[in-house]
file run.txt (compact mmCIF, C-alpha atoms)
# COMPACT_ATOMS: atom_id res chain seq x y z
CA LEU D 24 19.19 20.07 11.66
CA ILE D 25 17.73 16.80 10.43
CA SER D 26 15.93 18.53 7.57
CA THR D 27 19.21 20.19 6.56
CA ALA D 28 21.00 16.84 6.49
CA PHE D 29 18.14 15.22 4.59
CA ALA D 30 18.13 18.03 2.04
CA ARG D 31 21.62 17.20 0.77
CA GLY D 32 20.26 15.40 -2.28
CA HIS D 33 19.87 12.01 -0.63
CA VAL D 34 16.52 11.23 -2.26
CA GLU D 35 17.63 12.09 -5.78
CA ARG D 36 20.99 10.37 -5.21
CA LEU D 37 19.15 7.15 -4.41
CA ARG D 38 16.37 7.32 -7.04
CA PRO D 39 18.19 5.44 -9.89
CA TRP D 40 19.51 2.85 -7.43
CA VAL D 41 16.03 2.31 -5.94
CA GLU D 42 14.45 1.90 -9.38
CA GLU D 43 17.12 -0.61 -10.44
CA LEU D 44 16.72 -2.60 -7.22
CA ALA D 45 12.91 -2.67 -7.53
CA GLY D 46 13.26 -4.00 -11.07
CA ARG D 47 15.63 -6.77 -9.96
CA LEU D 48 13.30 -7.81 -7.13
CA VAL D 49 10.29 -8.03 -9.47
CA ASP D 50 12.36 -10.06 -11.94
CA GLU D 51 13.16 -12.50 -9.12
CA LEU D 52 9.44 -12.82 -8.36
CA LEU D 53 8.75 -13.51 -12.04
CA GLU D 54 11.33 -16.28 -12.10
CA ARG D 55 9.81 -17.96 -9.06
CA SER D 56 6.27 -17.52 -10.44
CA GLU D 57 7.07 -19.18 -13.79
CA GLY D 58 4.48 -21.80 -14.63
CA ALA D 59 1.74 -19.90 -12.76
CA ARG D 60 3.24 -20.73 -9.36
CA PRO D 61 2.05 -18.40 -6.57
CA VAL D 62 4.79 -16.34 -4.89
CA ASP D 63 4.58 -14.12 -1.82
CA LEU D 64 4.77 -10.45 -2.79
CA LEU D 65 5.97 -9.70 0.76
CA THR D 66 9.42 -11.00 -0.16
CA MET D 67 9.84 -8.07 -2.56
CA ALA D 68 7.92 -5.59 -0.40
CA GLU D 69 10.12 -6.27 2.64
CA GLN D 70 13.50 -6.33 0.91
CA LEU D 71 13.22 -3.00 -0.90
CA PRO D 72 12.70 -0.51 1.97
CA VAL D 73 15.26 -2.16 4.28
CA ALA D 74 17.87 -2.07 1.50
CA VAL D 75 17.05 1.59 0.82
CA ILE D 76 17.31 2.63 4.48
CA ALA D 77 20.59 0.72 4.78
CA GLU D 78 21.95 2.49 1.70
CA LEU D 79 20.71 5.86 2.98
CA LEU D 80 22.41 5.40 6.37
CA GLY D 81 25.56 3.87 4.89
CA VAL D 82 25.20 0.54 6.72
CA PRO D 83 27.84 -1.88 5.38
CA GLU D 84 26.49 -4.74 3.24
CA ALA D 85 27.49 -7.41 5.77
CA ASP D 86 25.45 -5.75 8.56
CA ARG D 87 22.23 -5.19 6.58
CA PRO D 88 20.53 -8.48 7.54
CA LEU D 89 20.45 -7.16 11.13
CA LEU D 90 18.10 -4.29 10.34
CA ARG D 91 14.81 -6.00 9.53
CA PRO D 92 14.68 -8.18 12.70
CA TRP D 93 15.47 -5.11 14.83
CA SER D 94 12.71 -3.09 13.18
CA ASN D 95 10.13 -5.90 13.37
CA ALA D 96 10.78 -6.33 17.09
CA ILE D 97 10.81 -2.63 17.99
CA VAL D 98 7.52 -1.69 16.27
CA LYS D 99 5.62 -4.29 18.31
CA MET D 100 5.75 -1.70 21.12
CA TYR D 101 3.12 0.33 19.23
CA GLU D 102 0.51 -2.36 19.79
CA TYR D 103 -1.96 -2.50 22.70
CA ASP D 104 -2.08 -6.26 23.25
CA ARG D 105 1.65 -6.77 23.51
CA THR D 106 2.93 -9.46 25.84
CA ARG D 107 5.82 -9.15 28.27
CA GLN D 108 7.87 -11.31 25.89
CA ARG D 109 7.28 -8.86 23.03
CA GLU D 110 8.26 -5.96 25.27
CA ASP D 111 11.47 -7.74 26.28
CA ASP D 112 12.25 -8.55 22.64
CA ALA D 113 11.66 -4.92 21.65
CA GLU D 114 13.88 -3.60 24.45
CA ARG D 115 16.64 -6.02 23.49
CA ALA D 116 16.39 -5.11 19.80
CA ALA D 117 16.44 -1.38 20.60
CA ASP D 118 19.47 -1.82 22.86
CA GLU D 119 21.35 -3.72 20.15
CA PHE D 120 20.43 -1.19 17.46
CA VAL D 121 21.42 1.78 19.66
CA GLY D 122 24.80 0.18 20.33
CA TYR D 123 25.31 -0.49 16.64
CA LEU D 124 24.41 3.09 15.64
CA ARG D 125 26.71 4.61 18.26
CA GLY D 126 29.55 2.61 16.74
CA LEU D 127 28.56 3.64 13.20
CA ALA D 128 28.37 7.32 14.19
CA ALA D 129 31.81 7.14 15.83
CA GLU D 130 33.25 5.62 12.66
CA ARG D 131 31.66 8.32 10.46
CA ARG D 132 33.18 11.06 12.64
CA HIS D 133 36.62 9.75 11.71
CA ARG D 134 35.84 8.59 8.16
CA PRO D 135 32.81 10.51 6.80
CA GLY D 136 31.11 9.38 3.61
CA ASP D 137 28.24 10.54 1.39
CA ASP D 138 25.56 8.98 3.60
CA LEU D 139 22.96 10.38 5.97
CA VAL D 140 24.75 9.32 9.17
CA SER D 141 27.85 11.24 8.08
CA HIS D 142 25.73 14.32 7.39
CA LEU D 143 23.82 14.00 10.69
CA VAL D 144 27.16 13.79 12.53
CA SER D 145 28.50 16.94 10.86
CA VAL D 146 25.45 19.18 10.41
CA ARG D 147 25.30 22.45 12.36
CA ASP D 148 22.80 25.30 12.34
CA ALA D 149 23.52 29.04 12.13
CA GLU D 150 24.24 29.21 15.87
CA GLY D 151 26.62 26.27 15.72
CA ASP D 152 24.23 23.81 17.39
CA ARG D 153 24.51 20.19 16.35
CA LEU D 154 22.65 16.97 17.10
CA THR D 155 23.51 15.16 20.29
CA GLU D 156 24.46 11.52 19.87
CA ASP D 157 21.13 10.48 21.37
CA GLU D 158 19.23 12.66 18.88
CA LEU D 159 21.22 11.20 16.01
CA VAL D 160 20.64 7.63 17.17
CA THR D 161 16.89 8.03 17.76
CA THR D 162 16.51 9.73 14.35
CA CYS D 163 18.13 6.74 12.65
CA ILE D 164 15.93 4.30 14.58
CA LEU D 165 12.83 6.26 13.60
CA LEU D 166 13.92 6.25 9.95
CA LEU D 167 14.31 2.48 9.99
CA ASN D 168 11.04 1.76 11.77
CA ALA D 169 8.88 4.26 9.89
CA GLY D 170 10.69 3.84 6.58
CA HIS D 171 10.56 0.05 6.71
CA GLU D 172 7.18 -0.82 8.18
CA ALA D 173 5.07 1.79 6.42
CA THR D 174 6.55 1.21 2.97
CA VAL D 175 6.20 -2.57 3.26
CA ASN D 176 2.57 -2.24 4.25
CA VAL D 177 1.65 0.34 1.59
CA THR D 178 3.20 -1.94 -1.05
CA ALA D 179 1.27 -5.00 0.15
CA ASN D 180 -2.00 -3.25 1.06
CA GLY D 181 -1.88 -1.25 -2.17
CA THR D 182 -1.23 -4.26 -4.37
CA LEU D 183 -4.12 -6.11 -2.74
CA ALA D 184 -6.39 -3.09 -3.29
CA LEU D 185 -5.45 -3.04 -6.99
CA LEU D 186 -6.05 -6.78 -7.35
CA ARG D 187 -9.49 -6.38 -5.77
CA HIS D 188 -10.25 -3.42 -8.08
CA PRO D 189 -9.16 -4.77 -11.49
CA ALA D 190 -10.65 -1.81 -13.37
CA GLN D 191 -8.36 0.55 -11.44
CA LEU D 192 -5.36 -1.70 -12.08
CA ALA D 193 -6.16 -1.71 -15.81
CA ARG D 194 -6.56 2.07 -15.68
CA LEU D 195 -3.11 2.45 -14.11
CA ARG D 196 -1.54 0.17 -16.72
CA ALA D 197 -3.12 2.28 -19.47
CA GLU D 198 -2.32 5.66 -17.86
CA ARG D 199 1.11 5.47 -16.30
CA SER D 200 1.03 9.22 -15.63
CA LEU D 201 -1.42 8.35 -12.82
CA LEU D 202 1.31 6.62 -10.79
CA PRO D 203 2.06 9.54 -8.38
CA SER D 204 -1.63 10.14 -7.59
CA ALA D 205 -2.20 6.37 -7.41
CA ILE D 206 0.43 6.06 -4.66
CA GLU D 207 -1.30 8.77 -2.62
CA GLU D 208 -4.69 7.11 -3.09
CA LEU D 209 -3.40 3.67 -2.08
CA MET D 210 -1.98 5.20 1.12
CA ARG D 211 -5.34 6.81 1.84
CA PHE D 212 -7.47 3.82 0.93
CA ASP D 213 -5.77 1.25 3.19
CA SER D 214 -3.57 3.20 5.58
CA PRO D 215 -0.41 1.48 6.88
CA LEU D 216 -0.63 3.19 10.28
CA GLN D 217 -4.13 3.23 11.75
CA LEU D 218 -3.52 5.02 15.03
CA PHE D 219 -1.04 7.30 16.70
CA GLU D 220 -1.11 8.76 20.20
CA ARG D 221 -0.35 12.31 21.29
CA THR D 222 -0.03 13.47 24.91
CA ALA D 223 -1.19 16.91 26.01
CA THR D 224 1.65 18.94 27.53
CA GLU D 225 -0.94 21.38 28.91
CA ASP D 226 -4.74 21.63 29.10
CA VAL D 227 -6.09 22.15 25.59
CA GLY D 228 -9.56 22.38 24.03
CA ILE D 229 -10.21 20.28 20.93
CA GLY D 230 -13.66 19.99 19.34
CA GLY D 231 -15.42 21.21 22.48
CA ILE D 232 -13.57 18.73 24.71
CA THR D 233 -10.90 19.69 27.25
CA VAL D 234 -7.90 17.37 27.16
CA ARG D 235 -6.06 17.69 30.47
CA GLN D 236 -2.30 17.86 30.79
CA GLY D 237 -0.89 14.34 30.64
CA GLN D 238 -3.96 12.84 28.98
CA LYS D 239 -3.65 11.13 25.62
CA ILE D 240 -5.50 11.46 22.36
CA ALA D 241 -5.57 8.58 19.88
CA ALA D 242 -5.58 9.95 16.35
CA LEU D 243 -7.38 7.40 14.16
CA LEU D 244 -5.55 8.03 10.90
CA GLY D 245 -7.29 5.26 8.97
CA ALA D 246 -10.69 6.69 9.88
CA ALA D 247 -9.59 10.24 9.06
CA ASN D 248 -8.50 9.04 5.60
CA HIS D 249 -12.09 7.88 4.98
CA ASP D 250 -13.80 11.01 6.35
CA PRO D 251 -16.79 11.75 4.06
CA ALA D 252 -16.56 15.43 5.02
CA VAL D 253 -13.12 15.56 3.36
CA PHE D 254 -13.13 12.85 0.67
CA PRO D 255 -16.00 12.44 -1.81
CA ALA D 256 -16.96 8.74 -2.00
CA PRO D 257 -14.24 7.76 0.53
CA GLU D 258 -14.87 4.00 0.12
CA THR D 259 -14.18 4.23 -3.62
CA LEU D 260 -10.63 3.54 -4.84
CA ASP D 261 -9.95 6.33 -7.34
CA LEU D 262 -6.34 6.38 -8.58
CA GLY D 263 -6.92 9.75 -10.23
CA ARG D 264 -8.21 11.43 -7.06
CA ALA D 265 -6.86 14.97 -7.39
CA ASP D 266 -7.76 16.49 -4.01
CA ASN D 267 -6.27 13.99 -1.57
CA PRO D 268 -5.13 15.52 1.76
CA HIS D 269 -4.64 12.12 3.41
CA LEU D 270 -2.91 11.87 6.79
CA SER D 271 -0.77 8.77 6.16
CA PHE D 272 2.35 10.96 6.43
CA GLY D 273 0.99 12.94 9.38
CA ALA D 274 0.59 16.72 9.22
CA GLY D 275 2.07 20.00 10.41
CA VAL D 276 5.23 19.79 12.52
CA HIS D 277 4.76 16.01 12.66
CA PHE D 278 4.75 15.54 8.88
CA CYS D 279 7.00 12.62 7.93
CA ILE D 280 10.49 13.84 7.07
CA GLY D 281 11.04 10.72 4.96
CA ALA D 282 7.93 11.25 2.79
CA PRO D 283 9.91 12.13 -0.38
CA LEU D 284 12.00 8.97 -0.03
CA ALA D 285 8.92 6.82 0.66
CA ARG D 286 7.27 8.16 -2.48
CA VAL D 287 10.35 7.32 -4.55
CA GLU D 288 10.36 3.76 -3.15
CA LEU D 289 6.64 3.23 -3.73
CA GLN D 290 6.69 4.65 -7.24
CA ALA D 291 9.68 2.42 -8.02
CA ALA D 292 7.99 -0.70 -6.59
CA PHE D 293 4.64 -0.23 -8.32
CA GLY D 294 6.35 1.05 -11.48
CA ALA D 295 8.48 -2.10 -11.68
CA LEU D 296 5.42 -4.31 -11.15
CA LEU D 297 3.66 -2.55 -14.02
CA ASP D 298 6.69 -2.42 -16.32
CA ARG D 299 7.80 -6.00 -15.93
CA THR D 300 4.48 -7.85 -15.81
CA SER D 301 1.70 -8.26 -18.32
CA SER D 302 -0.63 -9.70 -15.69
CA LEU D 303 -0.81 -9.77 -11.92
CA GLU D 304 -3.36 -11.93 -10.11
CA LEU D 305 -4.08 -13.23 -6.63
CA GLY D 306 -2.55 -16.65 -6.15
CA GLY D 307 -4.33 -17.53 -2.91
CA GLU D 308 -5.96 -16.02 0.16
CA PRO D 309 -4.06 -13.03 1.64
CA VAL D 310 -3.17 -13.29 5.34
CA ARG D 311 -3.58 -10.21 7.52
CA ARG D 312 -1.14 -9.44 10.32
CA PRO D 313 -2.84 -9.69 13.73
CA GLU D 314 -1.80 -6.20 14.85
CA PHE D 315 -4.24 -3.29 14.83
CA VAL D 316 -2.10 -0.14 15.05
CA ILE D 317 0.18 -1.10 12.16
CA ARG D 318 -2.04 -2.49 9.39
CA GLY D 319 -0.41 -4.86 6.98
CA LEU D 320 -0.26 -8.36 5.53
CA ALA D 321 1.70 -11.38 6.67
CA ALA D 322 1.40 -13.00 3.22
CA LEU D 323 0.15 -11.94 -0.20
CA PRO D 324 0.32 -14.81 -2.71
CA VAL D 325 0.32 -13.56 -6.31
CA VAL D 326 0.87 -15.01 -9.77
CA LEU D 327 2.88 -12.83 -12.17
CA THR D 328 3.31 -13.13 -15.93
CA ALA D 329 6.06 -11.30 -17.81

call {"tool": "encode", "arguments": {"input": "run.txt", "output": "structure tokens"}}
result
Amino acid sequence: LISTAFARGHVERLRPWVEELAGRLVDELLERSEGARPVDLLTMAEQLPVAVIAELLGVPEADRPLLRPWSNAIVKMYEYDRTRQREDDAERAADEFVGYLRGLAAERRHRPGDDLVSHLVSVRDAEGDRLTEDELVTTCILLLNAGHEATVNVTANGTLALLRHPAQLARLRAERSLLPSAIEELMRFDSPLQLFERTATEDVGIGGITVRQGQKIAALLGAANHDPAVFPAPETLDLGRADNPHLSFGAGVHFCIGAPLARVELQAAFGALLDRTSSLELGGEPVRRPEFVIRGLAALPVVLTA
């Protein structure tokens, strides 16, 4: 049902809008960086995906500033060293977001638009089944959390990787046709999600080990993306890497449903940085976020020249 709603041309509908927005955000960075002043790339990296998710869901302009704080609070629940305060903040943010989405879904039932929430409300399968309200709400929360956090971190991690590999950055400037494969390689090289847990619903054998019902497996996605049995020279950043079965979007039935949209956003962000700048350099020491599960930057100072 969700795939059917997502397949109604949402990604292609948004592509020109995403590219225009990415260009405007880079132009704003250029203005602030005039005179070789360092600016934080995170300001652009964080604004783009939240605006795209809001546009996708049909969130009114006035409500959009609510989304990023909700997402930032909720994803802290992925971490292992979370405090009771972080748990309380996440629960409160989730409760507020759920309430907001229930109201938005009710409004779309009466006044549908050309947005994903309207399509999730109305979609039915061949047997007439439709999403419950809880399924609709949790799908929208997942889209915000996954679509926001991962895209922000690929943009920041990927830009830092390019700045630390100037030959690859120069290669990408010279060969713009490499952009799609470059995005995949940047996701592999410094993965935005390092770990995800799965719980066995029954006893299962994996790699000669029996995982009992109820036990958990931690899938180390960052490590898998550097597996020398799969990737030749895994520690080398190669923007033209052709065979790149990275796991940053998951795999199988768990493959990320928003992957096409994420690719559009990332190609737009990096494309705008390449199109609108003649040079891009580090403007200070990057600051890593303290979390382990979600790998990203808290600050990435850069100097841009038009």

call {"tool": "closest_residue", "arguments": {"input": "run.txt", "among": "D:Ala179, D:Leu89, D:Leu327, D:Leu262", "to": "Arg199 in chain D", "atoms": "only C-alpha atoms"}}
result
D:Leu262

call {"tool": "atom_distance", "arguments": {"input": "run.txt", "atom1": "CA of Leu297 in chain D", "atom2": "CA of Val49 in chain D"}}
result
9.7 Å

call {"tool": "closest_residue", "arguments": {"input": "run.txt", "among": "D:Ser26, D:Thr106, D:Thr161, D:Gln236", "to": "Cys279 in chain D", "atoms": "only C-alpha atoms"}}
result
D:Ser26

call {"tool": "atom_distance", "arguments": {"input": "run.txt", "atom1": "CA of Arg264 in chain D", "atom2": "CA of Leu192 in chain D"}}
result
14.3 Å

call {"tool": "axis_aligned_box", "arguments": {"input": "run.txt", "around": "range 213-229 of chain D", "padding_each_side": "5 Å", "output": "JSON"}}
result
{"center_x": -4.3, "center_y": 11.8, "center_z": 16.1, "size_x": 21.9, "size_y": 31.1, "size_z": 35.9}

call {"tool": "atom_distance", "arguments": {"input": "run.txt", "atom1": "CA of Glu114 in chain D", "atom2": "CA of Ala28 in chain D"}}
result
28.1 Å

call {"tool": "closest_residue", "arguments": {"input": "run.txt", "among": "D:Leu209, D:Ile240, D:Leu260, D:Val310", "to": "Thr224 in chain D", "atoms": "all atoms listed in the file"}}
result
D:Ile240

call {"tool": "closest_residue", "arguments": {"input": "run.txt", "among": "D:Val175, D:Val234, D:Ala291, D:Ala184", "to": "Asp261 in chain D", "atoms": "only C-alpha atoms"}}
result
D:Ala184
